[in-house]
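This report concerns only the one structure given below.
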Amino acid sequence: MGVLAAAVLLAGGGTWVLYGSSWLRVEKVTTSGTEVLTPEQVLTAAAVPVGAPLVGVDTDEIAARLRGRLPRIDSVEVVRTWPHAIGLKVTERKPVLLIRKDADFVEVDASGVRFDTVAKAPAGVPVLELAAEHAPSARRFDEERLLREAVGIAGALPAAVAKETLQVKVRSYDSVVLELTKGRTVVWGSGELGEAKGRALTALLKAAPKGERFDVSVPTAPAVSGS
């Protein structure tokens, strides 16, 4: 009986330390990983209950609240840092394509998620131009499907090429053209074989730095013209 009573007392004491005492309560909330968002925005959206028992903080609820209130957040890890802190490790979405909306730009990530509208286009992110209304494939491939294709193409571009891509022009499912800096044009074709096309384009740009028109629609037979 003495052993049982001692165990009960210890358990009760442990519960009191975790939930009832002032020793293990949330006193500090930290953030990391922010790039476009500010730490203050994350802290405000997280609404971590400062002063609450650390063990009782619902980390899943905080993570869901952050993703709901700040769509720019792709993922977030909410961790307890004993004895008094909560850490918010944020991963932001990266735009791979922009859609014009009046004078603003809608940012779209590699998954096709439209997550924010900004007044100034981020550097190195191409703008989508859809011109497929009269294409023969318009009935089969609606605007949303073509957007997904464009996002896939933009997301698969080699980093060096992506930085120089100003526009992704979609005329139909299998007629996509990239407009690069210095007046250069790339005939990309469809979204298929994106990695092979990226490698072919990278090689062409190095081999013909003064080229004006590059065609990688058939990556096994790329071509370049102009000087």
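Chain labels run A, B, ... following the order of the structure tokens; each chain numbers its residues from 1, and ligands are numbered from 1 in the order shown.
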
Residue list (helix (DSSP H, G or I), DSSP) for segment 79-147 of chain A, as an MDAnalysis selection string: chainID A and resid 143:147

Could you save those same residues with all heavy atoms as an mmCIF file, in the first residue's frame?
data_model
loop_
_atom_site.group_PDB
_atom_site.id
_atom_site.type_symbol
_atom_site.label_atom_id
_atom_site.label_comp_id
_atom_site.auth_asym_id
_atom_site.auth_seq_id
_atom_site.Cartn_x
_atom_site.Cartn_y
_atom_site.Cartn_z
ATOM 1 N N GLU A 143 -8.856 26.462 -69.441
ATOM 2 C CA GLU A 143 -7.857 27.393 -68.926
ATOM 3 C C GLU A 143 -7.140 26.838 -67.706
ATOM 4 O O GLU A 143 -5.921 27.007 -67.557
ATOM 5 C CB GLU A 143 -8.540 28.725 -68.577
ATOM 6 C CG GLU A 143 -7.578 29.798 -68.111
ATOM 7 C CD GLU A 143 -8.252 31.148 -67.945
ATOM 8 O OE1 GLU A 143 -8.940 31.598 -68.869
ATOM 9 O OE2 GLU A 143 -8.071 31.748 -66.864
ATOM 10 N N GLU A 144 -7.883 26.161 -66.821
ATOM 11 C CA GLU A 144 -7.250 25.620 -65.616
ATOM 12 C C GLU A 144 -6.254 24.525 -65.963
ATOM 13 O O GLU A 144 -5.179 24.439 -65.362
ATOM 14 C CB GLU A 144 -8.327 25.064 -64.667
ATOM 15 C CG GLU A 144 -7.843 24.817 -63.251
ATOM 16 C CD GLU A 144 -7.382 26.082 -62.538
ATOM 17 O OE1 GLU A 144 -7.919 27.175 -62.840
ATOM 18 O OE2 GLU A 144 -6.471 25.969 -61.696
ATOM 19 N N ARG A 145 -6.590 23.691 -66.937
ATOM 20 C CA ARG A 145 -5.667 22.631 -67.362
ATOM 21 C C ARG A 145 -4.415 23.236 -67.995
ATOM 22 O O ARG A 145 -3.287 22.792 -67.740
ATOM 23 C CB ARG A 145 -6.366 21.711 -68.358
ATOM 24 C CG ARG A 145 -5.463 20.645 -68.978
ATOM 25 C CD ARG A 145 -4.972 19.635 -67.965
ATOM 26 N NE ARG A 145 -4.035 18.696 -68.564
ATOM 27 C CZ ARG A 145 -4.383 17.622 -69.275
ATOM 28 N NH1 ARG A 145 -5.661 17.328 -69.469
ATOM 29 N NH2 ARG A 145 -3.453 16.820 -69.762
ATOM 30 N N LEU A 146 -4.595 24.270 -68.793
ATOM 31 C CA LEU A 146 -3.452 24.921 -69.420
ATOM 32 C C LEU A 146 -2.576 25.621 -68.376
ATOM 33 O O LEU A 146 -1.347 25.659 -68.508
ATOM 34 C CB LEU A 146 -3.918 25.921 -70.469
ATOM 35 C CG LEU A 146 -4.595 25.311 -71.704
ATOM 36 C CD1 LEU A 146 -5.113 26.406 -72.622
ATOM 37 C CD2 LEU A 146 -3.648 24.383 -72.455
ATOM 38 N N LEU A 147 -3.210 26.166 -67.345
ATOM 39 C CA LEU A 147 -2.447 26.776 -66.261
ATOM 40 C C LEU A 147 -1.570 25.732 -65.579
ATOM 41 O O LEU A 147 -0.393 25.986 -65.297
ATOM 42 C CB LEU A 147 -3.391 27.417 -65.239
ATOM 43 C CG LEU A 147 -2.731 27.891 -63.936
ATOM 44 C CD1 LEU A 147 -1.699 28.972 -64.213
ATOM 45 C CD2 LEU A 147 -3.784 28.386 -62.940
#

Find the spatial neighbours of Val218 of chain A, counting only C-alpha atoms, within a cut-off of 8 Å - ignore same-chain residues fewer than 3 positions away - and output them as a VMD selection string. chain A and resid 189 197 215 221 to 222

Among A:Ala103, A:Leu201, A:Ala160, A:Val170, Leu130 of chain A is approached most closely, using only C-alpha atoms, by A:Val170

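Minimum atom-to-atom distance to Glu179 of chain A, evaluated using only C-alpha atoms, belongs to A:Glu164 out of A:Asp102, A:Glu149, A:Glu192, A:Glu164.
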
Write out as an mmCIF file with N, CA, C and O atoms, in the first residue's frame each polymer residue whose atoms come within 7 Å of segment 121-129 of chain A, counting only C-alpha atoms; drop sequence neighbours fewer than 3 positions from it.
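Produced file out-v5.cif, reproduced below:
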data_model
loop_
_atom_site.group_PDB
_atom_site.id
_atom_site.type_symbol
_atom_site.label_atom_id
_atom_site.label_comp_id
_atom_site.auth_asym_id
_atom_site.auth_seq_id
_atom_site.Cartn_x
_atom_site.Cartn_y
_atom_site.Cartn_z
ATOM 1 N N PRO A 95 6.984 31.139 -55.644
ATOM 2 C CA PRO A 95 6.274 31.314 -56.917
ATOM 3 C C PRO A 95 7.116 30.831 -58.088
ATOM 4 O O PRO A 95 8.318 31.106 -58.152
ATOM 5 N N VAL A 96 6.489 30.079 -58.988
ATOM 6 C CA VAL A 96 7.174 29.672 -60.221
ATOM 7 C C VAL A 96 6.555 30.363 -61.429
ATOM 8 O O VAL A 96 7.122 30.338 -62.524
ATOM 9 N N LEU A 97 5.389 30.988 -61.206
ATOM 10 C CA LEU A 97 4.665 31.633 -62.302
ATOM 11 C C LEU A 97 3.801 32.742 -61.734
ATOM 12 O O LEU A 97 3.335 32.660 -60.589
ATOM 13 N N LEU A 98 3.583 33.778 -62.538
ATOM 14 C CA LEU A 98 2.730 34.896 -62.141
ATOM 15 C C LEU A 98 1.573 35.036 -63.124
ATOM 16 O O LEU A 98 1.748 34.841 -64.331
ATOM 17 N N ILE A 99 0.400 35.385 -62.602
ATOM 18 C CA ILE A 99 -0.774 35.648 -63.441
ATOM 19 C C ILE A 99 -1.165 37.108 -63.245
ATOM 20 O O ILE A 99 -1.352 37.555 -62.107
ATOM 21 N N PHE A 105 -0.197 41.060 -59.533
ATOM 22 C CA PHE A 105 0.236 39.746 -59.987
ATOM 23 C C PHE A 105 -0.147 38.699 -58.944
ATOM 24 O O PHE A 105 0.090 38.892 -57.748
ATOM 25 N N VAL A 118 0.369 40.246 -55.343
ATOM 26 C CA VAL A 118 1.360 41.268 -55.009
ATOM 27 C C VAL A 118 1.323 42.387 -56.047
ATOM 28 O O VAL A 118 0.943 42.172 -57.201
ATOM 29 N N ALA A 162 15.308 29.718 -65.692
ATOM 30 C CA ALA A 162 14.129 30.326 -65.058
ATOM 31 C C ALA A 162 14.376 31.802 -64.746
ATOM 32 O O ALA A 162 13.485 32.643 -64.919
ATOM 33 N N LYS A 163 15.585 32.140 -64.308
ATOM 34 C CA LYS A 163 15.900 33.526 -63.968
ATOM 35 C C LYS A 163 15.841 34.443 -65.179
ATOM 36 O O LYS A 163 15.635 35.642 -65.042
ATOM 37 N N GLU A 164 16.024 33.882 -66.376
ATOM 38 C CA GLU A 164 16.032 34.692 -67.589
ATOM 39 C C GLU A 164 14.713 34.602 -68.358
ATOM 40 O O GLU A 164 14.588 35.196 -69.437
ATOM 41 N N THR A 165 13.749 33.876 -67.819
ATOM 42 C CA THR A 165 12.456 33.720 -68.497
ATOM 43 C C THR A 165 11.504 34.821 -68.057
ATOM 44 O O THR A 165 11.182 34.945 -66.881
ATOM 45 N N LEU A 166 11.044 35.611 -69.013
ATOM 46 C CA LEU A 166 10.152 36.726 -68.719
ATOM 47 C C LEU A 166 8.686 36.326 -68.832
ATOM 48 O O LEU A 166 7.849 36.767 -68.031
ATOM 49 N N GLN A 167 8.373 35.507 -69.847
ATOM 50 C CA GLN A 167 6.980 35.111 -70.078
ATOM 51 C C GLN A 167 6.900 33.644 -70.476
ATOM 52 O O GLN A 167 7.819 33.105 -71.107
ATOM 53 N N VAL A 168 5.774 33.032 -70.091
ATOM 54 C CA VAL A 168 5.409 31.702 -70.583
ATOM 55 C C VAL A 168 4.125 31.894 -71.381
ATOM 56 O O VAL A 168 3.073 32.176 -70.813
ATOM 57 N N LYS A 169 4.215 31.782 -72.707
ATOM 58 C CA LYS A 169 3.062 31.998 -73.580
ATOM 59 C C LYS A 169 2.449 30.649 -73.963
ATOM 60 O O LYS A 169 3.122 29.810 -74.576
ATOM 61 N N VAL A 170 1.197 30.466 -73.618
ATOM 62 C CA VAL A 170 0.498 29.206 -73.904
ATOM 63 C C VAL A 170 -0.540 29.465 -74.985
ATOM 64 O O VAL A 170 -1.534 30.156 -74.754
#

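Using only C-alpha atoms, the nearest neighbour of Gly211 of chain A within the list A:Gly194, A:Gly152, A:Gly226, A:Gly56 is A:Gly226.
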
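The interatomic distance for the pair atom CA of Glu35 of chain A and atom CA of Glu77 of chain A works out to 15.9 Å.
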
Extract, using only C-alpha atoms, all DNA, RNA and protein residues at most 7 Å from His84 of chain A, discarding same-chain residues fewer than 6 positions from it, and format them as number ranges by chain. A: 24-28, 54

Nearest candidate to Glu40 of chain A (options A:Leu88, A:Val177, A:Val55, A:Pro71; using only C-alpha atoms): A:Leu88

Those in segment 38-220 of chain A with strand (DSSP E or B) from DSSP, as number ranges by chain: A: 53, 73-81, 85-92, 95-101, 104-109, 114-118, 127-130, 165-172, 175-180, 185-189, 213-215

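The smallest atom-to-atom distance between Phe115 of chain A and any of A:Lys89, A:Arg80, A:Lys210, A:Arg69, using only C-alpha atoms, is found for A:Arg69.
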
If we count only C-alpha atoms and set the cut-off at 8 Å, which residues sit around Arg184 of chain A, ignoring sequence neighbours fewer than 3 positions away in its own chain? Please answer as a ChimeraX atom specification. /A:179-181,211-214

Output file for the selection above: C-alpha atoms, as a PDB file, in the first residue's frame:
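The resulting file, selection.pdb, is reproduced below:
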ATOM      1  CA  GLU A 179      10.209  34.663 -73.895  1.00  0.00           C
ATOM      2  CA  LEU A 180      13.674  35.178 -72.427  1.00  0.00           C
ATOM      3  CA  THR A 181      15.713  38.270 -71.726  1.00  0.00           C
ATOM      4  CA  GLY A 211      21.096  32.871 -80.756  1.00  0.00           C
ATOM      5  CA  GLU A 212      17.657  34.434 -81.017  1.00  0.00           C
ATOM      6  CA  ARG A 213      15.275  31.515 -81.500  1.00  0.00           C
ATOM      7  CA  PHE A 214      15.713  28.164 -79.783  1.00  0.00           C
TER       8      PHE A 214
END
